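Everything below concerns the one structure shown next.
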Amino acid sequence: MNNSIEVVLKDKSLAKELSAIGEKVNRGERINDEEGLLLFEKASLSFVGSLANKVKEKLHGDIVYFNRNFHIEPTNVCVFSCNFCSYSRLYAHKEEGWELSEKQMLDIVKSYDGKPVTEVHIVGGVHPKMNIVFFAELLKKIKAHRPGLHIKGFTAVELDYMFRKAKMSIVEGLQYLQNAGLDSLPGGGAEIFHPEIREQICADKVDAEGWLKIHEASHMLGMHSNATILYGHIEKYRHRIDHMSRLRNLQDKTKGFNTFIPLKFRNKDNDMSHTRESSIIEDMKMYAVSRIYLDNFPHLKSYWPMLGRQNAQLSLSFGVNDIDGTIDDTTRIYSMAGAEEQNPSMTTSQLVNLIRQVKRKPVERDTLYNVIKDYSDIDISMNKELN
Ligand code: V47
Ligand code: SF4
């Protein structure tokens, strides 16, 4: 067959396959792994973008959620050595790191007295001396001081280490922390589940099965959690699909995940600095395909401190319906890896404006997506609470 005819026929059959996927998604049907892969490999950005936007509009209309939160990072000392991490310092070099005492962490919580934050996100390195009893005491004291503050804390990596050290089962450990005040789990530590990649980027921490077991157990105990993917480094599209497939299967079983958060790999000052970062087109594709593929995840978040404000705005046309929160310059994980935002902090009115500029409706939520306030029709210049 003549080459140009072959190309035309190939193009036609691809167009047919893509339009069949589009129809399936528009009917509200689930796509399979091969279809997900085809979207990553062959579909144009405009195709996946408009499909993902339709899915998002069906679920949430024009609403974009944000919350008022702050982070506590207890330490950056870590027993693990993930190659992509710019943040951790080995215990042997802990003079370059930080370790906060219980009092210092409570002082951070107290510095928000009188401010309308609803969530504290606690995440950090895995310090060999900060054990489950230390963290349970911290949780109890935070709750005693501010009972209404939702505590979203500890990645499955931190939890796995804490439970093993304390010789507790996953359920015992989670119940112990839940009784002390832990409300939900953040999505970190997932990276890429597939062993072909996990062994190259974070060989020594909890594996996929361990990560998923901890999240499953938390859901069984009535907690909600998030899930992340660290993309745009050495993984292939099939590893991204494998990752999302494992999450989709667990979500079918438990319905405990709230939000999927794609995290773009940043390459400053880490052992993968030679690896190029993904383009903005690739970033938007990641959001769009995940919105289409993860049909049982209610929310898709772009994390603005890492992506930057304008790209976070752009992501709202590619399936994203949440841009996290005010954060208040309380995290170092991304700035140390070279993220756009070196001092991530936005006031509520800045977040509201950011969402309005792209003609979406800003709605403040709590961690579990209960609506706190709809800002669509509020004149923010007149509102004094919006700092
Ligand atoms: O698991 C570390 C990532 C994660 C780099 O649940 C990096 O609401 C990019 O999970 N380039 C921790 N990413 C942060 C996290 C998170 C963040 C925001 C919201 C939520 C949530 C969870 O940070 C790690 C890892 O995947 N990370 N180093 C890097 N160089
Ligand atoms: Fe430690 Fe987390 Fe950094 Fe890995 S990503 S080295 S577990 S702080």
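By order in the structure tokens, chains are A, B, ...; within a chain, residues start at 1; ligands start at 1, following the order shown.
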Kindly work out which residues sit at most 9 Å from ligand 1, using only C-alpha atoms and all ligand atoms, and give the list as a short mmCIF file (atom, residue, chain, number, x, y, z; two decimals) with N, CA and C atoms, in the first residue's frame.
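And here is the file that came out, result-v8.cif:
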data_model
loop_
_atom_site.label_atom_id
_atom_site.label_comp_id
_atom_site.auth_asym_id
_atom_site.auth_seq_id
_atom_site.Cartn_x
_atom_site.Cartn_y
_atom_site.Cartn_z
N CYS A 82 14.24 8.94 48.96
CA CYS A 82 13.58 9.00 47.65
C CYS A 82 14.42 9.91 46.74
N ASN A 83 14.69 9.43 45.54
CA ASN A 83 15.59 10.18 44.66
C ASN A 83 15.03 11.53 44.20
N PHE A 84 13.72 11.67 44.22
CA PHE A 84 13.10 12.91 43.72
C PHE A 84 12.97 13.96 44.82
N CYS A 85 13.36 13.62 46.04
CA CYS A 85 13.04 14.51 47.16
C CYS A 85 14.13 15.55 47.38
N SER A 86 13.74 16.81 47.44
CA SER A 86 14.70 17.91 47.63
C SER A 86 14.66 18.39 49.08
N TYR A 87 13.87 17.76 49.86
CA TYR A 87 13.43 18.30 51.13
C TYR A 87 14.08 17.59 52.31
N SER A 88 14.27 16.27 52.14
CA SER A 88 14.67 15.50 53.31
C SER A 88 16.17 15.62 53.60
N HIS A 121 -2.88 20.63 57.86
CA HIS A 121 -2.33 19.51 57.10
C HIS A 121 -0.95 19.23 57.70
N VAL A 123 2.38 17.04 57.62
CA VAL A 123 3.13 16.09 56.78
C VAL A 123 4.60 16.45 56.84
N GLY A 124 5.44 15.42 56.84
CA GLY A 124 6.87 15.72 56.89
C GLY A 124 7.72 14.51 56.58
N LYS A 152 -5.84 16.77 59.02
CA LYS A 152 -5.51 15.86 57.92
C LYS A 152 -4.03 15.60 58.06
N GLY A 153 -3.69 14.36 58.43
CA GLY A 153 -2.28 14.19 58.75
C GLY A 153 -1.67 12.87 58.35
N THR A 155 1.23 10.92 55.74
CA THR A 155 1.12 10.08 54.55
C THR A 155 1.21 8.62 54.98
N VAL A 157 3.28 6.65 54.08
CA VAL A 157 4.70 6.34 54.31
C VAL A 157 5.04 6.58 55.78
N LEU A 185 -6.64 11.37 56.04
CA LEU A 185 -5.26 11.20 55.55
C LEU A 185 -5.04 11.99 54.27
N PRO A 186 -3.88 12.64 54.15
CA PRO A 186 -3.54 13.28 52.88
C PRO A 186 -3.11 12.21 51.87
N GLY A 187 -2.87 12.65 50.64
CA GLY A 187 -2.65 11.67 49.57
C GLY A 187 -1.20 11.36 49.25
N GLY A 188 -0.26 11.90 50.02
CA GLY A 188 1.15 11.78 49.66
C GLY A 188 1.72 10.38 49.80
N GLY A 189 2.90 10.21 49.23
CA GLY A 189 3.61 8.94 49.36
C GLY A 189 3.25 7.92 48.29
N ALA A 190 2.27 8.23 47.47
CA ALA A 190 1.83 7.26 46.45
C ALA A 190 2.85 7.19 45.30
N GLU A 191 3.37 8.35 44.91
CA GLU A 191 4.38 8.47 43.83
C GLU A 191 3.90 7.72 42.59
N ILE A 192 4.64 6.65 42.20
CA ILE A 192 4.17 5.76 41.13
C ILE A 192 4.14 4.37 41.73
N SER A 225 -9.77 9.99 52.66
CA SER A 225 -8.37 10.28 52.33
C SER A 225 -8.27 10.79 50.90
N ASN A 226 -7.07 11.27 50.56
CA ASN A 226 -6.78 11.71 49.18
C ASN A 226 -5.76 10.76 48.56
N ALA A 227 -5.56 10.92 47.26
CA ALA A 227 -4.54 10.12 46.58
C ALA A 227 -3.78 11.03 45.61
N THR A 228 -2.47 10.80 45.52
CA THR A 228 -1.64 11.60 44.60
C THR A 228 -0.98 10.68 43.57
N ILE A 229 -0.40 11.31 42.56
CA ILE A 229 0.53 10.62 41.66
C ILE A 229 1.67 11.61 41.43
N LEU A 230 2.89 11.15 41.48
CA LEU A 230 4.03 12.01 41.15
C LEU A 230 4.40 11.68 39.70
N TYR A 231 4.11 12.61 38.79
CA TYR A 231 4.24 12.28 37.36
C TYR A 231 5.27 13.20 36.70
N THR A 259 -10.30 13.08 46.83
CA THR A 259 -9.67 13.89 45.79
C THR A 259 -8.44 13.22 45.21
N PHE A 260 -8.27 13.37 43.91
CA PHE A 260 -7.04 12.92 43.27
C PHE A 260 -6.20 14.16 42.97
N ILE A 261 -4.90 14.08 43.28
CA ILE A 261 -4.03 15.25 43.14
C ILE A 261 -2.78 14.86 42.33
N PRO A 262 -2.73 15.19 41.05
CA PRO A 262 -1.50 14.95 40.29
C PRO A 262 -0.43 15.95 40.74
N LEU A 263 0.74 15.44 41.10
CA LEU A 263 1.84 16.31 41.53
C LEU A 263 2.95 16.26 40.48
N LYS A 264 3.23 17.41 39.93
CA LYS A 264 4.25 17.51 38.87
C LYS A 264 5.65 17.40 39.49
N PHE A 265 6.45 16.50 38.97
CA PHE A 265 7.82 16.35 39.46
C PHE A 265 8.63 17.62 39.19
N ARG A 266 9.28 18.13 40.23
CA ARG A 266 10.17 19.29 40.10
C ARG A 266 11.59 18.83 40.35
N ASN A 267 12.55 19.38 39.60
CA ASN A 267 13.87 18.75 39.59
C ASN A 267 15.01 19.51 40.26
N LYS A 268 14.66 20.51 41.08
CA LYS A 268 15.76 21.29 41.68
C LYS A 268 16.36 20.57 42.91
N ASP A 269 17.66 20.53 42.98
CA ASP A 269 18.38 20.03 44.16
C ASP A 269 17.96 18.65 44.64
N ASN A 270 17.78 17.74 43.72
CA ASN A 270 17.55 16.36 44.16
C ASN A 270 18.33 15.39 43.28
N MET A 272 17.43 13.51 41.09
CA MET A 272 16.90 13.33 39.73
C MET A 272 16.95 14.65 38.96
N SER A 273 17.89 15.51 39.35
CA SER A 273 17.96 16.84 38.73
C SER A 273 18.25 16.78 37.24
N LYS A 301 -7.85 17.85 42.13
CA LYS A 301 -7.23 19.07 42.67
C LYS A 301 -5.93 19.40 41.93
N SER A 302 -5.75 20.68 41.60
CA SER A 302 -4.41 21.11 41.19
C SER A 302 -3.85 21.92 42.36
N TYR A 303 -2.62 21.61 42.70
CA TYR A 303 -2.04 22.17 43.91
C TYR A 303 -1.28 23.43 43.51
N PRO A 305 0.54 25.85 44.83
CA PRO A 305 1.91 26.24 45.17
C PRO A 305 2.94 25.59 44.26
N MET A 306 2.61 24.42 43.74
CA MET A 306 3.57 23.72 42.91
C MET A 306 3.47 24.14 41.45
N ASP A 324 -6.99 23.60 46.29
CA ASP A 324 -6.42 23.58 47.64
C ASP A 324 -6.68 24.91 48.34
N ILE A 333 7.99 21.84 51.04
CA ILE A 333 8.26 20.68 50.18
C ILE A 333 8.49 21.11 48.74
N TYR A 334 7.65 22.02 48.24
CA TYR A 334 7.74 22.36 46.83
C TYR A 334 8.72 23.47 46.54
N MET A 336 11.45 23.98 47.96
CA MET A 336 12.80 23.40 47.96
C MET A 336 13.07 22.58 46.69
N ALA A 337 12.01 22.15 46.03
CA ALA A 337 12.18 21.36 44.79
C ALA A 337 12.12 22.24 43.54
N GLY A 338 11.98 23.56 43.74
CA GLY A 338 12.02 24.48 42.61
C GLY A 338 10.66 24.89 42.08
N ALA A 339 9.61 24.78 42.90
CA ALA A 339 8.28 25.15 42.43
C ALA A 339 8.18 26.65 42.19
N THR A 367 -12.67 20.22 54.71
CA THR A 367 -11.88 19.11 54.15
C THR A 367 -12.76 18.08 53.46
#
All residues 6 Å or closer to A:Gly319, only C-alpha atoms, same chain fewer than 4 positions away omitted, as an mmCIF file with N, CA and C atoms, in the first residue's frame:
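Once everything was written out, this is part35.cif:
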data_model
loop_
_atom_site.group_PDB
_atom_site.id
_atom_site.type_symbol
_atom_site.label_atom_id
_atom_site.label_comp_id
_atom_site.auth_asym_id
_atom_site.auth_seq_id
_atom_site.Cartn_x
_atom_site.Cartn_y
_atom_site.Cartn_z
ATOM 1 N N ALA A 52 -12.755 16.272 29.369
ATOM 2 C CA ALA A 52 -12.593 16.353 30.828
ATOM 3 C C ALA A 52 -13.426 17.502 31.393
ATOM 4 N N ASN A 53 -13.489 18.594 30.644
ATOM 5 C CA ASN A 53 -14.267 19.738 31.115
ATOM 6 C C ASN A 53 -15.759 19.396 31.196
ATOM 7 N N LYS A 56 -16.280 17.317 34.260
ATOM 8 C CA LYS A 56 -16.231 18.179 35.452
ATOM 9 C C LYS A 56 -17.515 19.000 35.583
ATOM 10 N N ALA A 288 -6.481 16.213 32.579
ATOM 11 C CA ALA A 288 -7.652 15.851 31.769
ATOM 12 C C ALA A 288 -7.869 14.338 31.753
ATOM 13 N N ARG A 291 -9.147 13.074 35.036
ATOM 14 C CA ARG A 291 -10.573 13.389 35.270
ATOM 15 C C ARG A 291 -11.488 12.398 34.510
#
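Nearest residue to A:Lys140 among A:Glu17, A:Glu102, A:Asp204, A:Asp160 is A:Glu102, counting only C-alpha atoms.
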Which one is closest to ligand 2: A:Gln313, A:Asn76, A:Thr326, A:Gln175? Count only C-alpha atoms and all ligand atoms.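 Closest residue, counting only C-alpha atoms and all ligand atoms: A:Asn76.
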For A:Ala20, work out the shell of residues within 12 Å, counting only C-alpha atoms and skipping chain neighbours fewer than 4 positions away, then give it as a list in words.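 These residues fall inside the cut-off: Ser13, Leu14, Ala15, Lys16, Lys24, Val25, Asn26, Arg27, Glu29, Ile31, Glu35, Leu38 and Leu39 of chain A.
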Saved selection, atoms kept: C-alpha atoms, as a JSON list (two decimals), in the first residue's frame:
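That gives us selection35.json:
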[["chain", "number", "residue", "atom", "x", "y", "z"],
["A", 13, "SER", "CA", -9.24, 4.65, 12.42],
["A", 14, "LEU", "CA", -7.68, 6.69, 15.24],
["A", 15, "ALA", "CA", -10.32, 9.39, 14.81],
["A", 16, "LYS", "CA", -13.00, 6.66, 15.00],
["A", 24, "LYS", "CA", -18.68, 6.53, 25.92],
["A", 25, "VAL", "CA", -17.55, 9.26, 28.31],
["A", 26, "ASN", "CA", -20.46, 11.51, 27.32],
["A", 27, "ARG", "CA", -22.85, 8.64, 28.12],
["A", 29, "GLU", "CA", -19.59, 5.09, 30.96],
["A", 31, "ILE", "CA", -13.21, 3.86, 30.01],
["A", 35, "GLU", "CA", -8.68, 3.61, 26.15],
["A", 38, "LEU", "CA", -4.85, 5.86, 23.87],
["A", 39, "LEU", "CA", -5.96, 9.22, 25.30]]
For A:Leu368, please output as a list in words all residues within 10 Å (counting only C-alpha atoms; exclusion window: fewer than 4 positions along the same chain).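 Counting only the stated atoms, we get His150, Asp183, Ser184, Met223, His224, Ser225, Asn258 and Thr259 of chain A.
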Could you write those residues out with C-alpha atoms, as a PDB file, in the first residue's frame?
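Writing done, so here's part-v2.pdb:
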ATOM      1  CA  HIS A 150      -9.924  19.214  60.984  1.00  0.00           C
ATOM      2  CA  ASP A 183      -9.638  13.048  61.034  1.00  0.00           C
ATOM      3  CA  SER A 184      -8.342  12.126  57.578  1.00  0.00           C
ATOM      4  CA  MET A 223     -12.006   8.317  57.585  1.00  0.00           C
ATOM      5  CA  HIS A 224     -11.623   9.874  54.165  1.00  0.00           C
ATOM      6  CA  SER A 225      -8.367  10.285  52.331  1.00  0.00           C
ATOM      7  CA  ASN A 258     -12.211  12.449  48.176  1.00  0.00           C
ATOM      8  CA  THR A 259      -9.668  13.891  45.785  1.00  0.00           C
TER       9      THR A 259
END
With distances taken over only C-alpha atoms, which of A:Arg30, A:His145, A:Lys58, A:Lys12 is nearest to A:Leu294?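 Checking each candidate against A:Leu294, we get A:Arg30 as the closest.
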Give me the residues near A:Glu137 as a PyMOL selection string, where near means some atom within 12 Å (using only C-alpha atoms) and where sequence neighbours in that chain fewer than 6 positions away do not count. chain A and resi 101-103+105-106+130-131+143-144+176-182
Shell of 7 Å around A:Arg68, only C-alpha atoms, local chain residues under 6 positions omitted, as an MDAnalysis selection string: chainID A and resid 117:119 325:326
Can you write out the residues you just picked, keeping N, CA and C atoms, as an mmCIF file, in the first residue's frame?
data_model
loop_
_atom_site.group_PDB
_atom_site.id
_atom_site.type_symbol
_atom_site.label_atom_id
_atom_site.label_comp_id
_atom_site.auth_asym_id
_atom_site.auth_seq_id
_atom_site.Cartn_x
_atom_site.Cartn_y
_atom_site.Cartn_z
ATOM 1 N N VAL A 117 -9.499 29.508 59.797
ATOM 2 C CA VAL A 117 -9.000 28.313 59.105
ATOM 3 C C VAL A 117 -9.815 27.099 59.543
ATOM 4 N N THR A 118 -9.928 26.116 58.654
ATOM 5 C CA THR A 118 -10.725 24.924 59.006
ATOM 6 C C THR A 118 -9.899 23.646 59.020
ATOM 7 N N GLU A 119 -8.676 23.718 58.482
ATOM 8 C CA GLU A 119 -7.890 22.476 58.351
ATOM 9 C C GLU A 119 -6.415 22.721 58.637
ATOM 10 N N GLY A 325 -5.706 25.393 49.142
ATOM 11 C CA GLY A 325 -6.122 26.464 50.048
ATOM 12 C C GLY A 325 -5.182 27.632 50.196
ATOM 13 N N THR A 326 -5.415 28.360 51.281
ATOM 14 C CA THR A 326 -4.665 29.587 51.538
ATOM 15 C C THR A 326 -3.186 29.267 51.890
#
Please measure the separation of atom CA of A:Pro147 and atom CA of A:Glu172, giving the value in Å to one decimal.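 According to the coordinates, atom CA of A:Pro147 and atom CA of A:Glu172 are separated by 23.1 Å.
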Which one is closest to ligand 2: A:Leu138, A:Val206, A:Leu174, A:Leu9? Count only C-alpha atoms and all ligand atoms.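 Between A:Leu138, A:Val206, A:Leu174, A:Leu9, the residue approaching ligand 2 most closely is A:Val206.
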Please identify which residues in stretch 212-304 of chain A DSSP calls alpha helix (DSSP H) from the backbone, and express them as a ChimeraX atom specification. /A:212-220,237-254,280-293,304
To one decimal place, how far is atom CA of A:Trp98 from atom CA of A:Ile72 in Å?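 Taking atom CA of A:Trp98 as the start and atom CA of A:Ile72 as the end point, the length is 12.1 Å.
One finds atom CA of A:Val79 at 12.6 Å from atom CA of A:Lys165.
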